[in-house]
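What follows is the content of my_file_22.tsv (TSV, C-alpha atoms).
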chain	number	residue	atom	x	y	z
A	313	MET	CA	-43.22	-22.67	98.19
A	314	THR	CA	-44.46	-22.29	101.77
A	315	GLN	CA	-47.38	-20.01	102.67
A	316	SER	CA	-44.94	-17.64	104.36
A	317	LEU	CA	-42.84	-17.34	101.20
A	318	VAL	CA	-45.98	-16.81	99.12
A	319	ASN	CA	-47.05	-13.96	101.40
A	320	LYS	CA	-43.59	-12.36	101.22
A	321	SER	CA	-43.70	-12.59	97.43
A	322	ILE	CA	-47.17	-10.99	97.37
A	323	ASN	CA	-46.11	-8.17	99.66
A	324	LYS	CA	-43.05	-7.50	97.48
A	325	SER	CA	-45.25	-7.39	94.39
A	326	LEU	CA	-47.59	-4.94	96.09
A	327	GLU	CA	-44.66	-2.72	97.04
A	328	ILE	CA	-43.48	-2.70	93.41
A	329	ILE	CA	-46.97	-1.70	92.18
A	330	VAL	CA	-47.27	1.10	94.70
A	331	SER	CA	-43.73	2.26	93.88
A	332	ILE	CA	-44.47	2.37	90.14
A	333	THR	CA	-47.79	4.19	90.54
A	334	THR	CA	-46.37	6.73	92.95
A	335	GLN	CA	-43.53	7.56	90.57
A	336	ILE	CA	-46.06	8.45	87.86
A	337	LYS	CA	-47.47	11.29	89.89
A	338	SER	CA	-48.17	14.98	89.72
A	339	ALA	CA	-46.31	17.29	92.04
A	340	ASN	CA	-49.59	18.38	93.60
A	341	ARG	CA	-51.08	15.12	94.80
A	342	LYS	CA	-53.73	15.55	97.46
A	343	LYS	CA	-53.50	13.82	100.83
A	344	CYS	CA	-55.77	10.99	101.88
A	345	LEU	CA	-56.18	9.32	105.28
A	346	VAL	CA	-58.01	6.00	105.61
A	347	TYR	CA	-59.09	5.85	109.25
A	348	GLY	CA	-60.47	2.83	111.07
A	349	ASN	CA	-59.58	-0.66	112.26
A	350	CYS	CA	-57.20	-3.20	110.69
A	351	GLN	CA	-59.35	-3.20	107.54
A	352	SER	CA	-58.35	0.41	106.79
A	353	SER	CA	-54.70	-0.36	106.04
A	354	ILE	CA	-55.69	-3.11	103.59
A	355	LEU	CA	-58.14	-0.80	101.87
A	356	SER	CA	-55.36	1.79	101.55
A	357	ARG	CA	-53.15	-0.70	99.74
A	358	ILE	CA	-55.92	-1.65	97.32
A	359	LEU	CA	-56.71	1.99	96.53
A	360	CYS	CA	-53.02	2.74	95.92
A	361	ALA	CA	-52.89	0.00	93.30
A	362	ASN	CA	-55.37	1.95	91.18
A	363	PRO	CA	-53.21	4.19	88.91
A	364	GLU	CA	-55.76	7.01	88.70
A	365	PHE	CA	-56.19	7.16	92.48
A	366	SER	CA	-52.44	7.02	93.08
A	367	LEU	CA	-51.87	9.76	90.50
A	368	ASN	CA	-54.20	12.08	92.39
A	369	TYR	CA	-53.81	11.06	96.04
A	370	GLU	CA	-51.04	10.25	98.46
A	371	ILE	CA	-52.03	7.98	101.35
A	372	VAL	CA	-50.93	9.34	104.71
A	373	LYS	CA	-50.18	6.32	106.90
A	374	PHE	CA	-51.36	6.19	110.49
A	375	LYS	CA	-52.04	3.54	113.13
A	376	PRO	CA	-55.36	1.67	113.19
A	377	VAL	CA	-57.69	3.28	115.71
A	378	PHE	CA	-57.38	0.51	118.30
A	379	LYS	CA	-53.61	1.10	118.52
A	380	ILE	CA	-53.66	4.89	118.80
A	381	GLN	CA	-52.41	6.13	122.18
A	382	LYS	CA	-52.94	9.51	123.85
A	383	ALA	CA	-49.35	10.36	122.95
A	384	ASP	CA	-50.33	10.06	119.26
A	385	LEU	CA	-53.22	12.52	119.40
A	386	GLU	CA	-51.35	15.73	118.62
A	387	ASN	CA	-49.82	14.10	115.55
A	388	LEU	CA	-53.23	12.80	114.48
A	389	LYS	CA	-54.84	16.23	114.84
A	390	SER	CA	-52.00	17.84	112.92
A	391	ILE	CA	-52.38	15.32	110.08
A	392	ILE	CA	-56.17	15.56	109.88
A	393	GLN	CA	-55.98	19.33	109.33
A	394	GLU	CA	-53.94	18.73	106.14
A	395	ILE	CA	-56.13	15.97	104.71
A	396	ASP	CA	-58.02	16.47	101.43
A	397	LEU	CA	-59.80	13.10	101.41
A	398	PHE	CA	-60.93	11.47	104.66
A	399	ILE	CA	-62.05	7.84	104.16
A	400	TYR	CA	-63.24	6.49	107.47
A	401	GLN	CA	-65.15	3.94	109.49
A	402	PRO	CA	-67.40	5.73	112.00
A	403	VAL	CA	-65.82	5.69	115.47
A	404	ARG	CA	-67.93	6.80	118.43
A	405	SER	CA	-66.91	9.74	120.57
A	406	GLY	CA	-65.03	8.57	123.64
A	407	TYR	CA	-63.91	5.29	122.08
A	408	ARG	CA	-61.42	3.71	124.52
A	409	GLY	CA	-62.03	6.71	126.76
A	410	ILE	CA	-60.49	9.15	124.24
A	411	GLU	CA	-62.83	11.78	122.79
A	412	GLU	CA	-60.39	12.74	120.04
A	413	LEU	CA	-60.63	9.31	118.40
A	414	GLY	CA	-64.28	9.90	117.46
A	415	THR	CA	-64.78	10.59	113.76
A	416	GLU	CA	-67.19	13.49	114.37
A	417	PHE	CA	-64.45	15.22	116.38
A	418	LEU	CA	-61.91	14.61	113.61
A	419	LYS	CA	-64.23	15.73	110.80
A	420	ASN	CA	-64.57	19.10	112.51
A	421	LEU	CA	-60.81	19.55	112.07
A	422	LEU	CA	-60.84	18.98	108.31
A	423	LYS	CA	-60.25	21.77	105.84
A	424	PRO	CA	-63.49	23.38	104.55
A	425	HIS	CA	-63.30	21.77	101.09
A	426	SER	CA	-62.06	18.32	102.16
A	427	LEU	CA	-64.02	15.27	101.00
A	428	SER	CA	-65.27	12.63	103.44
A	429	ILE	CA	-66.33	9.09	102.52
A	430	SER	CA	-67.56	6.66	105.16
A	431	PHE	CA	-67.51	2.88	104.92
A	432	HIS	CA	-68.80	0.31	107.36
A	433	SER	CA	-66.71	-1.61	109.83
A	434	LEU	CA	-67.00	-4.87	107.92
A	435	TYR	CA	-68.73	-7.27	110.32
A	436	PHE	CA	-70.89	-10.35	109.75
A	437	ASN	CA	-71.12	-13.25	112.20
A	438	SER	CA	-73.69	-15.54	110.60
A	439	TYR	CA	-71.06	-17.99	109.35
A	440	ASN	CA	-69.60	-18.46	112.83
A	441	PRO	CA	-72.02	-17.11	115.46
A	442	GLU	CA	-70.21	-19.22	118.05
A	443	ILE	CA	-66.97	-17.21	117.79
A	444	ILE	CA	-66.78	-14.63	120.58
A	445	TYR	CA	-64.42	-12.54	122.70
A	446	VAL	CA	-64.11	-13.07	126.45
A	447	SER	CA	-63.61	-9.68	128.09
A	448	LYS	CA	-61.42	-9.17	131.12
A	449	PRO	CA	-63.36	-7.78	134.10
A	450	ASN	CA	-62.82	-4.10	134.93
A	451	SER	CA	-60.18	-3.70	132.22
A	452	ILE	CA	-59.62	-0.09	131.16
A	453	ASN	CA	-56.49	-0.47	129.04
A	454	ASP	CA	-55.86	-1.96	125.60
A	455	ASP	CA	-55.46	-5.47	127.03
A	456	ARG	CA	-59.23	-5.98	127.28
A	457	VAL	CA	-59.82	-9.57	126.17
A	458	PHE	CA	-58.37	-12.96	127.05
A	459	VAL	CA	-56.03	-14.41	124.44
A	460	GLY	CA	-56.28	-18.17	123.94
A	461	PRO	CA	-55.16	-20.81	121.42
A	462	PHE	CA	-56.81	-18.85	118.58
A	463	GLY	CA	-55.73	-15.39	119.62
A	464	ASP	CA	-58.62	-13.18	120.76
A	465	TYR	CA	-61.22	-15.66	119.53
A	466	HIS	CA	-63.06	-18.22	121.65
A	467	ASN	CA	-65.66	-20.80	120.61
A	468	LYS	CA	-68.87	-20.46	122.63
A	469	ASN	CA	-69.94	-24.03	121.89
A	470	ILE	CA	-66.65	-25.40	123.22
A	471	ILE	CA	-66.53	-23.21	126.30
A	472	ASP	CA	-70.18	-23.99	127.19
A	473	MET	CA	-69.60	-27.73	126.92
A	474	PHE	CA	-66.38	-27.42	128.93
A	475	ILE	CA	-68.34	-25.74	131.73
A	476	ARG	CA	-70.97	-28.50	131.64
A	477	GLY	CA	-68.24	-31.12	132.10
A	478	CYS	CA	-68.61	-32.71	128.67
A	479	GLN	CA	-65.85	-34.95	127.36
A	480	VAL	CA	-63.75	-33.96	124.36
A	481	LYS	CA	-65.29	-36.70	122.21
A	482	ASP	CA	-68.80	-35.35	122.92
A	483	VAL	CA	-67.77	-31.84	121.84
A	484	ILE	CA	-66.20	-33.17	118.64
A	485	LYS	CA	-69.40	-35.10	117.88
A	486	PHE	CA	-71.48	-31.95	118.42
A	487	LEU	CA	-69.22	-29.84	116.20
A	488	ASN	CA	-69.70	-32.36	113.37
A	489	ASP	CA	-73.47	-32.81	113.77
A	490	PRO	CA	-75.40	-31.38	110.77
A	491	GLU	CA	-78.63	-31.51	112.82
A	492	ALA	CA	-77.26	-29.67	115.89
A	493	PHE	CA	-79.20	-26.44	115.22
A	494	ASP	CA	-82.68	-25.64	113.98
A	495	THR	CA	-82.70	-24.32	110.40
A	496	LEU	CA	-85.48	-21.79	111.09
A	497	SER	CA	-83.54	-20.16	113.94
A	498	ILE	CA	-80.42	-19.98	111.76
A	499	GLN	CA	-82.37	-18.21	109.02
A	500	GLU	CA	-83.98	-15.84	111.52
A	501	ASP	CA	-80.59	-14.95	112.99
A	502	LEU	CA	-79.24	-14.29	109.49
A	503	LYS	CA	-82.15	-11.98	108.61
A	504	SER	CA	-81.82	-10.15	111.92
A	505	SER	CA	-78.07	-9.69	111.38
A	506	ILE	CA	-78.39	-8.19	107.89
A	507	ASP	CA	-81.43	-6.10	108.84
A	508	GLU	CA	-79.46	-4.62	111.76
A	509	LEU	CA	-76.56	-3.85	109.42
A	510	GLU	CA	-78.92	-1.97	107.09
A	511	LYS	CA	-80.40	-0.01	110.00
A	512	ARG	CA	-76.93	1.04	111.15
A	513	GLU	CA	-75.98	2.07	107.61
A	514	CYS	CA	-79.02	4.32	107.58
A	515	LYS	CA	-78.52	5.63	111.14
A	516	PHE	CA	-74.88	6.61	110.53
A	517	SER	CA	-75.43	7.75	106.90
A	518	ILE	CA	-72.81	5.31	105.60
A	519	ASP	CA	-71.65	6.16	102.08
A	520	ILE	CA	-70.23	2.76	101.07
A	521	LYS	CA	-72.91	0.26	102.05
A	522	ILE	CA	-72.35	-3.50	102.24
A	523	ALA	CA	-75.57	-4.99	103.66
A	524	SER	CA	-77.17	-5.48	100.25
A	525	TYR	CA	-73.95	-6.99	98.87
A	526	ILE	CA	-73.83	-9.47	101.76
A	527	ARG	CA	-77.52	-10.32	101.37
A	528	HIS	CA	-77.04	-11.25	97.70
A	529	ASN	CA	-73.65	-12.95	97.93
A	530	TYR	CA	-73.22	-14.68	101.31
A	531	GLN	CA	-74.26	-18.07	99.88
A	532	LEU	CA	-72.09	-17.89	96.75
A	533	LYS	CA	-68.70	-17.21	98.32
A	534	ARG	CA	-67.28	-16.85	101.80
A	535	LEU	CA	-67.36	-13.13	102.53
A	536	LEU	CA	-65.67	-13.08	105.94
A	537	TRP	CA	-63.09	-15.37	107.56
A	538	THR	CA	-63.98	-14.28	111.07
A	539	MET	CA	-66.79	-11.94	112.05
A	540	ASN	CA	-64.53	-8.90	111.51
A	541	HIS	CA	-61.95	-10.14	108.99
A	542	PRO	CA	-63.47	-9.71	105.53
A	543	SER	CA	-62.44	-11.64	102.46
A	544	ASN	CA	-60.81	-9.97	99.49
A	545	ASN	CA	-64.22	-10.00	97.78
A	546	ILE	CA	-65.70	-7.47	100.21
A	547	LEU	CA	-62.52	-5.41	100.41
A	548	PHE	CA	-62.40	-5.10	96.60
A	549	TYR	CA	-66.12	-4.27	96.56
A	550	CYS	CA	-65.58	-1.40	99.03
A	551	ALA	CA	-62.53	-0.10	97.16
A	552	SER	CA	-64.41	-0.29	93.85
A	553	ASN	CA	-67.28	1.80	95.20
A	554	ILE	CA	-64.94	4.38	96.72
A	555	LEU	CA	-63.18	4.77	93.35
A	556	LYS	CA	-66.52	5.18	91.57
A	557	ARG	CA	-67.60	7.79	94.12
A	558	LEU	CA	-64.41	9.74	93.36
A	559	GLY	CA	-65.12	9.54	89.65
A	560	PHE	CA	-62.13	7.34	88.88
A	561	LEU	CA	-62.10	4.58	86.30
A	562	ASP	CA	-62.54	1.32	88.17
A	563	ASN	CA	-60.95	-1.64	86.43
A	564	GLN	CA	-62.20	-3.95	89.20
A	565	ASN	CA	-58.63	-3.91	90.47
A	566	PHE	CA	-57.68	-6.40	87.77
A	567	LEU	CA	-53.97	-5.98	88.40
A	568	MET	CA	-54.39	-6.55	92.12
A	569	LYS	CA	-56.52	-9.64	91.63
A	570	ARG	CA	-53.87	-11.15	89.37
A	571	LEU	CA	-51.23	-10.68	92.05
A	572	ILE	CA	-53.20	-11.78	95.09
A	573	ALA	CA	-52.69	-15.51	95.54
A	574	THR	CA	-53.96	-15.48	99.11
A	575	GLU	CA	-56.35	-13.54	101.30
A	576	PHE	CA	-55.29	-10.31	102.98
A	577	LEU	CA	-57.04	-11.21	106.25
A	578	GLY	CA	-57.44	-14.97	105.86
A	579	GLY	CA	-54.61	-16.03	108.18
A	580	THR	CA	-57.12	-17.03	110.88
A	581	TYR	CA	-60.48	-18.57	110.12
A	582	PHE	CA	-62.88	-21.21	111.35
A	583	SER	CA	-64.73	-24.01	109.65
A	584	ILE	CA	-68.47	-23.38	109.44
A	585	HIS	CA	-70.49	-25.72	111.64
A	586	PRO	CA	-72.22	-28.25	109.33
A	587	ALA	CA	-75.64	-27.36	110.75
A	588	ILE	CA	-75.01	-23.67	110.01
A	589	TYR	CA	-73.67	-24.55	106.56
A	590	ARG	CA	-76.84	-26.53	105.84
A	591	GLY	CA	-79.19	-23.96	107.41
A	592	LEU	CA	-77.74	-21.06	105.39
A	593	GLU	CA	-77.82	-23.19	102.20
A	594	LEU	CA	-74.25	-22.20	101.38
A	595	GLU	CA	-72.87	-23.10	97.95
A	596	PHE	CA	-69.11	-22.66	98.45
A	597	PRO	CA	-66.94	-25.51	99.84
A	598	ASN	CA	-66.72	-25.72	103.64
A	599	LEU	CA	-63.20	-26.52	104.79
A	600	LYS	CA	-63.13	-29.15	107.55
A	601	PHE	CA	-60.33	-27.56	109.54
A	602	ASN	CA	-59.45	-24.26	111.19
A	603	PHE	CA	-56.55	-21.89	110.56
A	604	ILE	CA	-54.62	-19.86	113.11
A	605	LYS	CA	-51.81	-17.65	111.84
A	606	GLU	CA	-51.78	-19.74	108.64
A	607	ASN	CA	-51.40	-23.04	110.53
A	608	ARG	CA	-53.97	-25.68	109.67
A	609	ILE	CA	-55.60	-27.29	112.74
A	610	SER	CA	-58.19	-30.07	112.75
A	611	VAL	CA	-61.48	-29.72	114.62
A	612	ASN	CA	-60.34	-32.47	117.02
A	613	ASP	CA	-57.11	-30.65	117.81
A	614	THR	CA	-59.00	-27.37	118.18
A	615	VAL	CA	-61.20	-28.84	120.91
A	616	ASN	CA	-58.22	-30.33	122.73
A	617	MET	CA	-56.33	-27.03	122.55
A	618	PHE	CA	-59.24	-25.09	124.05
A	619	PHE	CA	-59.91	-27.68	126.77
A	620	ASN	CA	-56.24	-27.66	127.80
A	621	PHE	CA	-56.24	-23.87	127.83
A	622	TYR	CA	-59.39	-23.60	129.98
A	623	ASP	CA	-58.04	-26.26	132.35
A	624	LYS	CA	-55.02	-24.07	133.03
A	625	ASN	CA	-56.78	-20.68	132.93
A	626	SER	CA	-59.82	-20.79	135.20
A	627	GLN	CA	-59.95	-16.97	135.24
A	628	VAL	CA	-61.20	-17.09	131.63
A	629	ILE	CA	-64.13	-19.29	132.65
A	630	GLU	CA	-64.88	-17.03	135.61
A	631	ALA	CA	-64.89	-13.95	133.36
A	632	TYR	CA	-67.09	-15.71	130.80
A	633	LEU	CA	-69.62	-16.65	133.47
A	634	GLY	CA	-69.47	-13.12	134.88
A	635	ASN	CA	-70.17	-11.67	131.43
A	636	GLY	CA	-73.47	-13.53	131.38
A	637	LYS	CA	-72.74	-15.34	128.11
A	638	TYR	CA	-73.37	-18.81	129.55
A	639	LYS	CA	-76.90	-20.19	129.60
A	640	ILE	CA	-77.71	-23.10	131.89
A	641	LEU	CA	-79.45	-25.85	129.91
Let me see the file written as structure tokens.
Amino acid sequence: MTQSLVNKSINKSLEIIVSITTQIKSANRKKCLVYGNCQSSILSRILCANPEFSLNYEIVKFKPVFKIQKADLENLKSIIQEIDLFIYQPVRSGYRGIEELGTEFLKNLLKPHSLSISFHSLYFNSYNPEIIYVSKPNSINDDRVFVGPFGDYHNKNIIDMFIRGCQVKDVIKFLNDPEAFDTLSIQEDLKSSIDELEKRECKFSIDIKIASYIRHNYQLKRLLWTMNHPSNNILFYCASNILKRLGFLDNQNFLMKRLIATEFLGGTYFSIHPAIYRGLELEFPNLKFNFIKENRISVNDTVNMFFNFYDKNSQVIEAYLGNGKYKIL
């Protein structure tokens, strides 16, 4: 069975679970909105698979925050005023130039006795610190970053070596060199990353914290596929803690775990540089290839794809240099 067919089968199974649990419902289910980035819709699906949650709450579907347009705002404000449970990732006021997308603005529209539970935007870049976005200069619309062979993601090591005029074979050698980076600096960057996450959890009074979970588990299993696409492990961890906070029996989503044969957000991911893998003392297997939209691509082919792209799209290099991301060695 192909990966595509497996995913279709999984999605069908999820639909059946949600259908069954929603049929066993009271007539007075409360309304819940999970508000945030692409992670929010996945979290909604996991929560709905818990019978006790689904018996008590109906998920109100809405677009992820980065897709909401000004034309959607009246509908959003109308929905938020009817919500009994607001599960959200903090969004700053004025995000994308729209004040109404900020979570503090939306919380002020909630009913007096509505519950609010915040969870972090799940982000951790220590596995692949080289993966970055290249922003378009002076862009004010939703099309803010350059899309390349791996979607929005670019590899800083590859783009830096392209600028320096390195040959493809030299880049491939560097990407396979287990001594390419200093272990001490890797460990310092890791500590700084998790410490900053803890500070932000405290600053924004996050209810469902993940920094400690990452600190104790990052070596045992891969927790994120890209810096902002978490593995099922973290998504289940967040859902589990939300259920506990609501006072619902948490069965560790046993039914969901039985059905999930693949990762929710694992369609695109990057191999961990061997020097990073060694420096972080990781214990899980490190795949020697990359994935883009579920297509397996070797490291060699990845370099060639990026080099060909940058050859034909000099504006990306110009924007990268203008962003100040490049350091002359």
Could you produce a table of the residues of region 509-607 of chain A lying within 8 Å of region 422-445 of chain A, with the nearest pair of atoms per residue and their separation in Å rounded to one decimal, using only C-alpha atoms, ordered by chain and increasing residue number, as a Markdown table?
| residue | atom | partner | partner_atom | distance |
| --- | --- | --- | --- | --- |
| A:Glu513 | CA | A:His432 | CA | 7.4 |
| A:Ile518 | CA | A:Ser430 | CA | 5.4 |
| A:Asp519 | CA | A:Ser430 | CA | 5.1 |
| A:Ile520 | CA | A:Phe431 | CA | 4.7 |
| A:Lys521 | CA | A:Phe431 | CA | 6.7 |
| A:Ile522 | CA | A:His432 | CA | 7.3 |
| A:Leu536 | CA | A:Phe436 | CA | 7.0 |
| A:Thr538 | CA | A:Asn440 | CA | 7.2 |
| A:Met539 | CA | A:Asn437 | CA | 4.5 |
| A:Asn540 | CA | A:Tyr435 | CA | 4.7 |
| A:His541 | CA | A:Leu434 | CA | 7.4 |
| A:Pro542 | CA | A:Leu434 | CA | 6.4 |
| A:Cys550 | CA | A:Phe431 | CA | 7.5 |
| A:Ile554 | CA | A:Ile429 | CA | 7.6 |
| A:Phe582 | CA | A:Asn440 | CA | 7.4 |
| A:Ile584 | CA | A:Tyr439 | CA | 6.0 |
| A:His585 | CA | A:Asn440 | CA | 7.4 |
| A:Ile588 | CA | A:Tyr439 | CA | 6.9 |
| A:Tyr589 | CA | A:Tyr439 | CA | 7.6 |
For Ile609 (chain A), list every protein, DNA or RNA residue within 12 Å, evaluated using all atoms listed in the file, and leave out those in the same chain fewer than 4 positions away; present the list as an MDAnalysis selection string.
chainID A and resid 461:462 580:583 599:605 613:617
Find, counting only C-alpha atoms, the residue in A:Gln351, A:Gln401, A:Ser497, A:Asn612 that gets nearest to Ile470 (chain A).
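Among A:Gln351, A:Gln401, A:Ser497, A:Asn612, it is A:Asn612 that comes nearest to Ile470 (chain A).
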Tell me which protein, DNA and RNA residues are within 8 Å of region 627-635 of chain A, counting all atoms listed in the file, leaving out same-chain ones fewer than 6 positions away, and put them as an MDAnalysis selection string.
chainID A and resid 446:449 458 471 475
Do a neighbour search on region 342-350 of chain A at 8 Å with all atoms listed in the file, toss out local chain neighbours closer than 5 positions, and write the hits as a PDB file with C-alpha atoms, in the coordinates of the input.
ATOM      1  CA  LEU A 355     -58.140  -0.800 101.870  1.00  0.00           C
ATOM      2  CA  SER A 356     -55.360   1.790 101.550  1.00  0.00           C
ATOM      3  CA  ASN A 368     -54.200  12.080  92.390  1.00  0.00           C
ATOM      4  CA  TYR A 369     -53.810  11.060  96.040  1.00  0.00           C
ATOM      5  CA  GLU A 370     -51.040  10.250  98.460  1.00  0.00           C
ATOM      6  CA  ILE A 371     -52.030   7.980 101.350  1.00  0.00           C
ATOM      7  CA  VAL A 372     -50.930   9.340 104.710  1.00  0.00           C
ATOM      8  CA  LYS A 373     -50.180   6.320 106.900  1.00  0.00           C
ATOM      9  CA  PHE A 374     -51.360   6.190 110.490  1.00  0.00           C
ATOM     10  CA  PRO A 376     -55.360   1.670 113.190  1.00  0.00           C
ATOM     11  CA  VAL A 377     -57.690   3.280 115.710  1.00  0.00           C
ATOM     12  CA  PHE A 378     -57.380   0.510 118.300  1.00  0.00           C
ATOM     13  CA  ILE A 392     -56.170  15.560 109.880  1.00  0.00           C
ATOM     14  CA  GLU A 394     -53.940  18.730 106.140  1.00  0.00           C
ATOM     15  CA  ILE A 395     -56.130  15.970 104.710  1.00  0.00           C
ATOM     16  CA  ASP A 396     -58.020  16.470 101.430  1.00  0.00           C
ATOM     17  CA  LEU A 397     -59.800  13.100 101.410  1.00  0.00           C
ATOM     18  CA  PHE A 398     -60.930  11.470 104.660  1.00  0.00           C
ATOM     19  CA  ILE A 399     -62.050   7.840 104.160  1.00  0.00           C
ATOM     20  CA  TYR A 400     -63.240   6.490 107.470  1.00  0.00           C
ATOM     21  CA  GLN A 401     -65.150   3.940 109.490  1.00  0.00           C
ATOM     22  CA  PRO A 402     -67.400   5.730 112.000  1.00  0.00           C
ATOM     23  CA  VAL A 403     -65.820   5.690 115.470  1.00  0.00           C
ATOM     24  CA  SER A 433     -66.710  -1.610 109.830  1.00  0.00           C
TER      25      SER A 433
END
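Shortest atom-to-atom contact with Phe596 (chain A) among A:Asn529, A:Asn544, A:Leu496, A:Phe365: A:Asn529, counting all atoms listed in the file.
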For CA of Trp537 (chain A) and CA of Arg608 (chain A), determine how far apart the two atoms are, in Å to one decimal place.
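Here the two named atoms are 13.9 Å from each other.
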Polymer residues at most 12 Å from (-63.0, 9.1, 86.6) by all atoms listed in the file, as a ChimeraX atom specification:
/A:362-365,367-368,552,554-563
